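Enquirer: So here's work36.cif, just mmCIF, C-alpha atoms:
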```
data_entry
loop_
_atom_site.label_atom_id
_atom_site.label_comp_id
_atom_site.auth_asym_id
_atom_site.auth_seq_id
_atom_site.Cartn_x
_atom_site.Cartn_y
_atom_site.Cartn_z
CA MET A 1 75.54 -36.20 212.78
CA PHE A 2 78.52 -33.92 213.29
CA GLN A 3 81.65 -35.55 214.68
CA ALA A 4 83.41 -32.31 215.59
CA PHE A 5 82.79 -28.89 217.13
CA LEU A 6 84.73 -25.69 216.56
CA ILE A 7 84.83 -23.63 219.75
CA LYS A 8 85.08 -19.86 219.45
CA TYR A 9 86.17 -17.64 222.31
CA GLY A 10 85.99 -13.89 222.84
CA GLU A 11 88.08 -11.95 225.36
CA ILE A 12 90.77 -14.64 225.45
CA GLY A 13 91.79 -13.56 221.96
CA ILE A 14 93.15 -10.21 223.21
CA LYS A 15 95.33 -11.64 225.99
CA GLY A 16 98.56 -11.39 224.00
CA LYS A 17 101.46 -13.52 225.20
CA ASN A 18 99.34 -14.95 228.03
CA ARG A 19 96.63 -16.20 225.70
CA HIS A 20 97.80 -19.82 225.88
CA LEU A 21 97.20 -19.82 229.65
CA PHE A 22 93.58 -18.79 229.13
CA GLU A 23 93.16 -21.30 226.31
CA ASP A 24 94.51 -24.08 228.55
CA ALA A 25 92.06 -23.05 231.30
CA LEU A 26 89.21 -23.13 228.79
CA VAL A 27 90.23 -26.60 227.59
CA HIS A 28 90.27 -27.74 231.23
CA GLN A 29 86.73 -26.41 231.77
CA ILE A 30 85.52 -28.06 228.55
CA LYS A 31 86.90 -31.40 229.73
CA TYR A 32 85.11 -30.95 233.08
CA ALA A 33 81.83 -30.12 231.34
CA LEU A 34 82.05 -33.14 229.01
CA LYS A 35 83.18 -35.61 231.68
CA PRO A 36 79.67 -36.93 232.46
CA VAL A 37 78.62 -36.98 228.78
CA GLU A 38 78.58 -40.46 227.27
CA GLY A 39 81.27 -40.85 224.64
CA GLU A 40 84.96 -40.12 224.18
CA PHE A 41 86.22 -36.73 223.01
CA LEU A 42 89.55 -35.40 221.76
CA ILE A 43 90.15 -31.71 222.49
CA THR A 44 92.88 -29.88 220.55
CA LYS A 45 94.08 -26.29 220.02
CA GLU A 46 95.14 -24.72 216.73
CA GLN A 47 95.81 -21.06 215.86
CA GLY A 48 93.18 -19.38 217.99
CA ARG A 49 90.70 -22.22 217.66
CA ILE A 50 89.72 -25.09 219.95
CA TYR A 51 88.33 -28.29 218.46
CA ILE A 52 86.32 -31.08 220.07
CA GLU A 53 86.22 -34.31 218.09
CA ALA A 54 83.89 -37.15 219.06
CA LEU A 55 85.67 -40.50 218.85
CA GLY A 56 82.53 -42.56 218.35
CA ASN A 57 78.84 -42.26 219.22
CA TYR A 58 77.65 -39.49 221.53
CA ASP A 59 74.57 -37.48 222.51
CA TYR A 60 74.61 -34.30 220.40
CA GLU A 61 72.08 -32.36 222.50
CA GLU A 62 73.85 -33.24 225.75
CA VAL A 63 77.18 -32.03 224.37
CA ILE A 64 75.67 -28.70 223.31
CA GLU A 65 73.91 -28.20 226.65
CA SER A 66 77.11 -29.02 228.55
CA LEU A 67 79.24 -26.63 226.46
CA GLN A 68 76.68 -23.87 226.94
CA CYS A 69 77.57 -23.93 230.65
CA VAL A 70 81.28 -23.19 230.04
CA PHE A 71 82.44 -19.62 230.64
CA GLY A 72 84.80 -18.36 227.96
CA ILE A 73 82.95 -19.91 225.00
CA VAL A 74 81.15 -17.40 222.76
CA GLY A 75 80.26 -19.79 219.95
CA ILE A 76 79.82 -23.54 219.44
CA CYS A 77 80.02 -24.52 215.79
CA PRO A 78 79.12 -28.06 214.67
CA VAL A 79 81.79 -28.43 211.99
CA VAL A 80 82.79 -30.78 209.18
CA LEU A 81 86.58 -31.17 208.99
CA THR A 82 87.96 -32.27 205.63
CA GLU A 83 91.44 -32.82 204.24
CA ASP A 84 92.65 -30.33 201.62
CA LYS A 85 92.57 -32.37 198.41
CA GLY A 86 92.23 -29.46 196.02
CA PHE A 87 89.49 -27.00 195.10
CA GLU A 88 87.35 -29.46 193.14
CA GLN A 89 87.13 -31.65 196.23
CA LEU A 90 86.17 -28.60 198.31
CA VAL A 91 83.30 -27.93 195.88
CA GLU A 92 82.08 -31.51 196.29
CA ASP A 93 82.37 -31.27 200.09
CA ILE A 94 80.31 -28.04 200.19
CA ILE A 95 77.59 -29.49 197.94
CA SER A 96 77.49 -32.64 200.08
CA TYR A 97 77.34 -30.55 203.27
CA LEU A 98 74.34 -28.54 202.08
CA ASP A 99 72.59 -31.59 200.66
CA SER A 100 72.85 -33.58 203.89
CA HIS A 101 72.15 -30.80 206.40
CA TYR A 102 69.36 -28.84 204.67
CA THR A 103 66.45 -30.90 203.35
CA ASP A 104 64.62 -27.70 202.42
CA LYS A 105 66.73 -26.03 199.73
CA ASN A 106 64.38 -23.10 199.23
CA LYS A 107 66.70 -20.80 201.18
CA THR A 108 69.05 -17.88 200.68
CA PHE A 109 72.76 -18.24 201.37
CA LYS A 110 76.09 -16.50 201.51
CA VAL A 111 79.60 -18.02 201.40
CA ASN A 112 82.11 -16.56 203.85
CA THR A 113 85.68 -17.83 203.48
CA ARG A 114 88.61 -17.17 205.76
CA ARG A 115 92.13 -18.28 204.84
CA ALA A 116 94.37 -19.01 207.84
CA ARG A 117 96.74 -20.55 205.25
CA LYS A 118 97.64 -17.66 202.96
CA ASN A 119 99.42 -20.00 200.51
CA TYR A 120 96.08 -21.41 199.35
CA PRO A 121 95.95 -20.88 195.54
CA LEU A 122 92.69 -18.86 195.56
CA SER A 123 91.84 -15.73 197.53
CA SER A 124 88.88 -15.62 199.90
CA MET A 125 86.85 -13.53 197.44
CA GLU A 126 87.60 -15.94 194.59
CA ILE A 127 86.55 -18.94 196.70
CA ASN A 128 83.31 -17.18 197.69
CA ALA A 129 82.45 -16.33 194.08
CA VAL A 130 83.20 -19.74 192.57
CA LEU A 131 81.52 -21.70 195.35
CA GLY A 132 78.46 -19.46 195.06
CA GLU A 133 78.18 -20.33 191.37
CA LYS A 134 78.61 -24.06 192.03
CA ILE A 135 75.95 -24.04 194.75
CA LEU A 136 73.46 -22.28 192.44
CA GLU A 137 74.18 -24.86 189.74
CA ALA A 138 73.63 -27.76 192.17
CA PHE A 139 70.54 -26.27 193.86
CA PRO A 140 68.69 -23.91 191.49
CA GLU A 141 66.02 -23.18 194.13
CA MET A 142 68.62 -21.53 196.38
CA LYS A 143 69.39 -17.81 196.05
CA VAL A 144 72.26 -15.58 197.10
CA ASP A 145 71.62 -12.93 199.79
CA VAL A 146 74.77 -11.17 200.99
CA HIS A 147 72.95 -9.01 203.56
CA ASN A 148 70.60 -11.32 205.48
CA PRO A 149 71.00 -14.94 204.31
CA ASP A 150 69.12 -17.89 205.77
CA ILE A 151 72.36 -19.90 205.64
CA MET A 152 75.80 -18.41 206.23
CA ILE A 153 78.28 -20.99 204.95
CA HIS A 154 81.56 -20.52 206.77
CA ILE A 155 84.72 -22.00 205.28
CA GLU A 156 88.03 -21.76 207.10
CA ILE A 157 91.14 -22.85 205.23
CA ARG A 158 93.36 -24.22 207.97
CA LYS A 159 95.42 -27.37 208.52
CA LYS A 160 92.11 -29.03 207.72
CA ILE A 161 89.28 -27.27 205.95
CA ASN A 162 86.45 -26.26 208.31
CA ILE A 163 82.89 -26.14 207.00
CA TYR A 164 80.06 -24.93 209.25
CA SER A 165 76.90 -22.86 209.10
CA ASP A 166 75.57 -22.80 212.68
CA ILE A 167 77.08 -20.77 215.51
CA ILE A 168 75.32 -21.74 218.74
CA PRO A 169 75.82 -18.98 221.33
CA GLY A 170 77.87 -19.64 224.47
CA LEU A 171 77.96 -17.80 227.78
CA GLY A 172 81.02 -15.66 227.05
CA GLY A 173 83.05 -14.42 230.01
CA MET A 174 86.38 -15.85 231.12
CA PRO A 175 87.38 -19.45 231.91
CA VAL A 176 86.96 -20.25 235.61
CA GLY A 177 90.26 -20.16 237.48
CA THR A 178 91.94 -17.47 235.39
CA ASN A 179 91.17 -14.66 237.86
CA GLY A 180 91.89 -16.15 241.27
CA LYS A 181 89.50 -17.49 243.90
CA ALA A 182 86.83 -15.97 246.15
CA MET A 183 84.57 -17.07 249.00
CA LEU A 184 80.81 -16.78 248.37
CA LEU A 185 78.39 -16.24 251.25
CA LEU A 186 75.68 -18.57 249.99
CA SER A 187 72.17 -18.58 251.43
CA GLY A 188 68.96 -20.23 250.26
CA GLY A 189 67.70 -17.01 248.67
CA ILE A 190 67.56 -15.80 245.09
CA ASP A 191 70.48 -13.38 245.13
CA SER A 192 73.60 -15.18 246.34
CA PRO A 193 73.56 -18.04 243.79
CA VAL A 194 73.28 -15.41 241.04
CA ALA A 195 76.22 -13.52 242.56
CA GLY A 196 78.26 -16.73 242.54
CA TYR A 197 77.38 -17.33 238.89
CA MET A 198 78.30 -13.79 237.87
CA ILE A 199 81.65 -13.70 239.67
CA ALA A 200 82.51 -17.11 238.19
CA LYS A 201 81.70 -15.69 234.73
CA ARG A 202 84.63 -13.33 235.18
CA GLY A 203 86.99 -16.27 235.66
CA VAL A 204 86.89 -16.45 239.47
CA LYS A 205 86.94 -19.89 241.13
CA ILE A 206 84.44 -19.93 244.00
CA ASP A 207 84.06 -21.78 247.26
CA ALA A 208 81.19 -21.02 249.61
CA VAL A 209 80.06 -20.71 253.23
CA TYR A 210 76.51 -21.29 254.45
CA PHE A 211 75.29 -20.28 257.92
CA HIS A 212 72.94 -22.89 259.35
CA ALA A 213 70.83 -22.34 262.46
CA PRO A 214 69.27 -25.59 263.70
CA PRO A 215 66.64 -26.14 265.01
CA TYR A 216 65.36 -22.82 263.65
CA THR A 217 66.39 -23.86 260.17
CA SER A 218 65.73 -27.42 259.05
CA GLU A 219 67.82 -30.01 257.26
CA ARG A 220 65.64 -29.26 254.24
CA ALA A 221 66.89 -25.66 254.33
CA LYS A 222 70.46 -26.93 254.36
CA GLN A 223 69.74 -29.35 251.50
CA LYS A 224 68.21 -26.47 249.56
CA VAL A 225 71.54 -24.60 249.75
CA VAL A 226 73.45 -27.72 248.69
CA ASP A 227 71.07 -28.07 245.73
CA LEU A 228 71.67 -24.43 244.77
CA ALA A 229 75.42 -24.99 244.97
CA LYS A 230 75.05 -28.00 242.64
CA ILE A 231 73.33 -25.82 240.04
CA VAL A 232 75.95 -23.06 240.31
CA ALA A 233 78.70 -25.72 240.06
CA LYS A 234 77.46 -26.54 236.54
CA TYR A 235 79.03 -23.23 235.56
CA SER A 236 81.76 -22.71 238.17
CA GLY A 237 83.16 -26.20 238.63
CA PRO A 238 83.25 -28.03 242.00
CA ILE A 239 82.48 -25.92 245.09
CA TYR A 240 83.83 -26.61 248.57
CA LEU A 241 80.90 -25.63 250.78
CA LYS A 242 81.51 -24.86 254.47
CA VAL A 243 78.38 -25.30 256.60
CA ILE A 244 78.65 -23.19 259.76
CA ASN A 245 76.46 -23.88 262.81
CA PHE A 246 75.47 -20.30 263.66
CA THR A 247 72.67 -20.91 266.18
CA ASP A 248 74.56 -20.14 269.41
CA ILE A 249 76.06 -16.95 267.99
CA GLN A 250 72.68 -15.76 266.75
CA MET A 251 70.96 -16.48 270.05
CA TYR A 252 73.73 -14.74 271.98
CA ILE A 253 73.44 -11.62 269.79
CA TYR A 254 69.65 -11.80 270.18
CA GLU A 255 69.99 -11.83 273.98
CA LYS A 256 72.68 -9.17 274.33
CA CYS A 257 72.19 -6.60 271.56
CA PRO A 258 69.40 -4.15 270.60
CA HIS A 259 66.96 -5.93 268.32
CA GLU A 260 67.01 -3.23 265.64
CA GLU A 261 70.75 -3.93 265.25
CA LEU A 262 70.46 -7.74 265.08
CA THR A 263 70.83 -8.10 261.32
CA ILE A 264 73.85 -5.80 261.05
CA ILE A 265 75.70 -7.41 263.96
CA MET A 266 74.92 -10.93 262.73
CA ARG A 267 76.14 -9.98 259.26
CA ARG A 268 79.35 -8.62 260.74
CA TYR A 269 80.05 -11.95 262.47
CA MET A 270 79.18 -13.87 259.30
CA MET A 271 81.71 -11.76 257.43
CA ARG A 272 84.36 -12.41 260.08
CA ILE A 273 83.85 -16.18 259.87
CA ALA A 274 83.64 -16.20 256.07
CA GLU A 275 86.87 -14.21 255.91
CA TYR A 276 88.60 -16.75 258.16
CA PHE A 277 87.82 -19.54 255.68
CA ALA A 278 88.64 -17.28 252.73
CA LYS A 279 92.12 -16.66 254.07
CA GLU A 280 92.54 -20.34 254.94
CA THR A 281 91.85 -21.29 251.30
CA ASN A 282 93.87 -18.42 249.75
CA SER A 283 90.77 -16.68 248.45
CA LEU A 284 91.32 -13.08 247.38
CA GLY A 285 87.97 -11.72 248.53
CA LEU A 286 84.42 -12.34 249.72
CA VAL A 287 81.37 -12.38 247.43
CA THR A 288 77.82 -11.54 248.51
CA GLY A 289 74.47 -11.19 246.74
CA GLU A 290 73.71 -7.74 248.14
CA SER A 291 72.34 -4.88 246.04
CA ILE A 292 71.98 -1.32 247.24
CA GLY A 293 68.73 -0.58 249.05
CA GLN A 294 67.06 -3.95 248.52
CA VAL A 295 66.54 -4.51 252.28
CA ALA A 296 67.51 -2.70 255.48
CA SER A 297 70.87 -4.49 255.75
CA GLN A 298 71.80 -3.40 252.21
CA THR A 299 71.68 0.38 252.48
CA MET A 300 74.97 2.16 251.84
CA GLN A 301 75.40 2.71 255.58
CA SER A 302 74.67 -0.96 256.38
CA LEU A 303 77.08 -2.21 253.74
CA ALA A 304 79.78 0.09 255.09
CA ALA A 305 79.17 -1.27 258.60
CA THR A 306 79.53 -4.90 257.48
CA ASN A 307 82.56 -4.12 255.30
CA GLU A 308 84.35 -2.59 258.28
CA VAL A 309 85.13 -5.97 259.86
CA CYS A 310 86.87 -7.31 256.72
CA GLU A 311 90.46 -7.05 255.65
CA LEU A 312 89.77 -8.73 252.31
CA PRO A 313 87.77 -6.89 249.64
CA VAL A 314 84.05 -7.68 249.40
CA TYR A 315 82.74 -8.14 245.85
CA ARG A 316 79.05 -7.55 245.16
CA PRO A 317 78.29 -8.43 241.51
CA LEU A 318 74.60 -7.49 241.93
CA ILE A 319 75.18 -4.13 243.58
CA GLY A 320 73.31 -2.11 240.91
CA PHE A 321 70.66 -4.72 239.99
CA ASP A 322 67.00 -4.46 240.93
CA LYS A 323 65.09 -7.56 242.04
CA GLN A 324 63.54 -8.29 238.65
CA GLU A 325 66.94 -8.23 236.97
CA ILE A 326 68.28 -10.68 239.56
CA ILE A 327 65.25 -12.95 239.14
CA ALA A 328 65.75 -12.92 235.35
CA VAL A 329 69.32 -14.22 235.73
CA SER A 330 68.25 -16.81 238.33
CA GLU A 331 65.63 -18.14 235.92
CA LYS A 332 68.17 -18.24 233.10
CA ILE A 333 70.71 -20.27 235.11
CA GLY A 334 68.13 -22.55 236.73
CA THR A 335 68.35 -21.53 240.40
CA TYR A 336 65.07 -19.63 240.76
CA GLU A 337 62.69 -22.57 241.38
CA THR A 338 64.98 -23.94 244.09
CA SER A 339 65.56 -20.51 245.68
CA ILE A 340 61.83 -19.92 246.22
CA LEU A 341 61.24 -23.21 248.04
CA PRO A 342 59.73 -22.32 251.46
CA TYR A 343 62.62 -23.33 253.74
CA GLU A 344 63.83 -20.41 255.83
CA ASP A 345 67.50 -19.57 256.28
CA CYS A 346 69.09 -18.13 259.39
CA CYS A 347 68.88 -14.52 258.20
CA THR A 348 65.11 -14.54 257.71
CA ILE A 349 64.39 -16.30 261.02
CA PHE A 350 65.93 -13.56 263.15
CA VAL A 351 64.83 -10.47 261.24
CA ALA A 352 63.97 -7.54 263.53
CA LYS A 353 60.56 -5.90 263.14
CA HIS A 354 62.14 -2.46 262.77
CA PRO A 355 65.76 -2.90 261.67
CA VAL A 356 68.07 0.08 261.63
CA THR A 357 68.63 1.31 258.06
CA LYS A 358 71.39 3.84 258.76
CA PRO A 359 73.53 2.17 261.41
CA ASN A 360 76.10 4.30 263.21
CA LEU A 361 79.33 2.31 263.34
CA LYS A 362 80.30 3.67 266.78
CA ILE A 363 76.95 2.57 268.22
CA ILE A 364 77.23 -0.87 266.55
CA LYS A 365 80.69 -1.38 268.01
CA ARG A 366 79.45 -0.29 271.43
CA SER A 367 76.64 -2.86 271.23
CA GLU A 368 79.16 -5.54 270.29
CA THR A 369 81.02 -4.94 273.56
CA HIS A 370 78.07 -6.67 275.28
CA LEU A 371 79.21 -9.89 273.53
CA GLU A 372 82.80 -9.83 274.76
CA GLU A 373 82.37 -12.45 277.48
CA LYS A 374 81.64 -15.38 275.15
CA ILE A 375 81.70 -14.35 271.49
CA GLU A 376 85.32 -15.22 270.64
CA GLU A 377 84.90 -18.72 272.05
CA MET A 378 81.63 -19.12 270.13
CA VAL A 379 83.24 -18.02 266.87
CA LYS A 380 86.10 -20.47 267.42
CA THR A 381 83.63 -23.29 268.07
CA ALA A 382 81.66 -22.41 264.92
CA ILE A 383 84.89 -22.50 262.88
CA ASP A 384 86.16 -25.72 264.47
CA THR A 385 82.86 -27.57 263.95
CA ALA A 386 82.28 -26.43 260.36
CA GLU A 387 81.20 -29.20 257.99
CA THR A 388 82.80 -29.37 254.53
CA ILE A 389 80.72 -30.62 251.61
CA VAL A 390 82.32 -31.06 248.19
CA VAL A 391 79.58 -30.07 245.76
CA GLU A 392 79.79 -31.35 242.20
CA ALA A 393 77.64 -30.07 239.39
CA GLU A 394 74.04 -31.18 239.10
CA ARG A 395 74.10 -32.59 235.61
CA LEU A 396 71.62 -31.60 232.96
#
```
Take the structure I supplied and represent it as structure tokens, if you would.
Expert:
Amino acid sequence: MFQAFLIKYGEIGIKGKNRHLFEDALVHQIKYALKPVEGEFLITKEQGRIYIEALGNYDYEEVIESLQCVFGIVGICPVVLTEDKGFEQLVEDIISYLDSHYTDKNKTFKVNTRRARKNYPLSSMEINAVLGEKILEAFPEMKVDVHNPDIMIHIEIRKKINIYSDIIPGLGGMPVGTNGKAMLLLSGGIDSPVAGYMIAKRGVKIDAVYFHAPPYTSERAKQKVVDLAKIVAKYSGPIYLKVINFTDIQMYIYEKCPHEELTIIMRRYMMRIAEYFAKETNSLGLVTGESIGQVASQTMQSLAATNEVCELPVYRPLIGFDKQEIIAVSEKIGTYETSILPYEDCCTIFVAKHPVTKPNLKIIKRSETHLEEKIEEMVKTAIDTAETIVVEAERL
């Protein structure tokens, strides 16, 4: 059982003088991910490396699964950390490592040494050559393969000597919180949870708004969205979810506006309300799950019409994805099975039979004048009665 993990990161390494800020954010996210895991862990930083040391018994698989949900990590290396007690001791440690971790010795190997401490008495090439000889002497059935080895034995000469041979892939990306905050328009569909995941992967902290339309949408539909937020929160950290009662606004638009324009006008009012909460929470933009041409409300003209009501930028991480690509990501992150549960959201309930696909903004604005008598009061009521749910990650 390994008692330590070496954490490798990618893009953080090119952040120059600001790198420590990104490292600190990554450490914070690692602590959040490991919080529900049984056991106590010490997390430290050293020269471009982050270490997690288990201070007692712990669940290995649970640790790996938790770390694989942390943006910013590109590699998780179960590592043996040893004190530098001379080269002969290093030879013994390597032999012991291979003996205990590989019961089948009929494998090829390569030794790859990196010296962070340049005052070490042997060069990297010398260490590789001598250790290779010693391994062959100890395990004659093993063979050297410098091109495609079964086992790549990594040795890093640092404050302590690091020995590892497995690099378990992480998600990559940037630590959440390093690139500001945004407000996600979250529905019960496939797309918006994926959009939230993808914007969080770029280091953006997300909160969310959900538009609920009782009695046309049930409490099960609302719970479905909360469940989706829990899954996304595994990757993004806690999400503050605003649940907006949108029924009166939808019915008023339905009564007063041409039915082919319903979706566009409803989307415009959703964007207005979402932007209110975005500004209230110092978010720097809105995030939606739209992709060009997927449905009538996502043509270029429709997107331009909904954008027009916003002062903040609208980010659409899925804009160039087709449906199968979006489904593939949703399956990977675990939202797909929840997204396809048969509980309708407010958008699907009020879909027009023949929605306009190339809305004219002047005509849309003219139709919205029919709402002037009550709409501002309705929007204020929807904002004032919003429910806030703090959504924590659904643990693995």
Enquirer: Give me the result of the PyMOL selection byres ((chain A and resi 101) around 12) on this file, residue by residue, as a ChimeraX atom specification.
Expert: /A:1-2,78-80,94-100,102-105,151,153,163-166
Enquirer: Around (69.0, -1.8, 268.8) in the file's frame, which residues reach within 9 Å when counting all atoms listed in the file? Return as a ChimeraX atom specification?
Expert: /A:257-262,355-356,364,367
Enquirer: Take the point (84.2, -26.1, 201.1) as written in the file and pick out every residue within 10 Å of it, counting only C-alpha atoms; give the list as a list of chain:residue names.
Expert: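 Counting only C-alpha atoms, I find these residues within 10 Å of (84.2, -26.1, 201.1): A:Val80, A:Leu81, A:Thr82, A:Asp84, A:Phe87, A:Glu88, A:Gln89, A:Leu90, A:Val91, A:Glu92, A:Asp93, A:Ile94, A:Ile95, A:Ser96, A:Tyr97, A:Val111, A:Thr113, A:Ile127, A:Asn128, A:Leu131, A:Ile153, A:His154, A:Ile155, A:Glu156, A:Ile157, A:Ile161, A:Asn162, A:Ile163, A:Tyr164.
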Enquirer: Counting only C-alpha atoms, which residue out of A:Asp150, A:Glu65, A:Glu126, A:Glu275 sits closest to A:Met183?
Expert: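 Comparing A:Asp150, A:Glu65, A:Glu126, A:Glu275 against A:Met183, the winner is A:Glu275.
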Enquirer: Please indicate the distance in Å from atom CA of A:Tyr269 to atom CA of A:Tyr315, rounded to one decimal place.
Expert: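 Those two atoms sit 17.3 Å apart.
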Enquirer: So what do you get for atom CA of A:Val74 versus atom CA of A:Lys118, distance-wise?
Expert: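 Pair atom CA of A:Val74 / atom CA of A:Lys118 returns 25.8 Å.
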Enquirer: Find the residues around A:Ala4 up to 12 Å (all atoms listed in the file counted), leave out those fewer than 4 positions away in its own chain, and share them as a list in words.
Expert: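 Within the cut-off, the hits are Glu40, Phe41, Leu42, Ile43, Thr44, Ile50, Tyr51, Ile52, Glu53, Ala54, Leu55, Gly56, Asn57, Tyr58, Tyr60, Val63, Ile64, Ile76, Cys77, Pro78, Val79, Val80, Leu81, Thr82, Asn162, Ile163 and Tyr164 of chain A.
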Enquirer: Hey, which of A:Ile12, A:Ala274, A:Val70, A:Ile168 ends up closest to A:Leu34? Count all atoms listed in the file.
Expert: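 Among A:Ile12, A:Ala274, A:Val70, A:Ile168, it is A:Val70 that comes nearest to A:Leu34.
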Enquirer: Using only C-alpha atoms, determine which residues lie at most 8 Å from A:Val379, disregarding the query and same-chain residues fewer than 3 positions distant; provide the list as a list of chain:residue names.
Expert: A:Ile249, A:Ile273, A:Ile375, A:Glu376, A:Ala382, A:Ile383
Enquirer: Store the residues of this selection in a file with C-alpha atoms, as a PDB file, in the coordinates of the input.
Expert:
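part.pdb written:
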```
ATOM      1  CA  ILE A 249      76.060 -16.950 267.990  1.00  0.00           C
ATOM      2  CA  ILE A 273      83.850 -16.180 259.870  1.00  0.00           C
ATOM      3  CA  ILE A 375      81.700 -14.350 271.490  1.00  0.00           C
ATOM      4  CA  GLU A 376      85.320 -15.220 270.640  1.00  0.00           C
ATOM      5  CA  ALA A 382      81.660 -22.410 264.920  1.00  0.00           C
ATOM      6  CA  ILE A 383      84.890 -22.500 262.880  1.00  0.00           C
TER       7      ILE A 383
END
```
Enquirer: Taking the file as shown, what set of residues would the PyMOL selection byres ((chain A and resi 387) around 9) give back, as a list of chain:residue names?
Expert: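 Applied to this file, the PyMOL selection byres ((chain A and resi 387) around 9) selects A:Leu241, A:Lys242, A:Val243, A:Ile244, A:Asn245, A:Asp384, A:Thr385, A:Ala386, A:Thr388, A:Ile389.
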Enquirer: Please list as a ChimeraX atom specification every residue within 10 Å of A:Glu337, counting only C-alpha atoms and excluding residues in the same chain fewer than 4 positions away.
Expert: /A:190,228,330-331,341
Enquirer: Contacts of A:Arg366 at 12 Å or less, counting all atoms listed in the file, minus same-chain residues fewer than 5 places along, as JSON, numbers by chain?
Expert: {"A": [256, 257, 258, 261, 265, 359, 360, 361, 371, 372]}
Enquirer: Applied to this file, what does the PyMOL selection byres ((chain A and resi 47) around 10) return in terms of residues, put as a ChimeraX atom specification?
Expert: /A:45-46,48-50,116,158-159
Enquirer: Work out how far atom CA of A:Gly320 is from atom CA of A:Phe211, in Å to one decimal.
Expert: 25.0 Å
Enquirer: Which neighbours of A:Gly188 fall inside 12 Å, counting only C-alpha atoms, when residues of the same chain fewer than 3 positions from it are skipped, and could you give them as a ChimeraX atom specification?
Expert: /A:185,191-194,209-212,217-218,220-229,289,335-348
Enquirer: Closest to A:Glu373 among A:Pro317, A:Tyr252, A:Ile327, A:Met271, using all atoms listed in the file?
Expert: A:Tyr252
Enquirer: When you count all atoms listed in the file, which of these residues is closest to A:His354: A:Ser236, A:Gln3, A:Thr263, A:Ser302?
Expert: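 Answer, going by the shortest atom-to-atom distance: A:Thr263.
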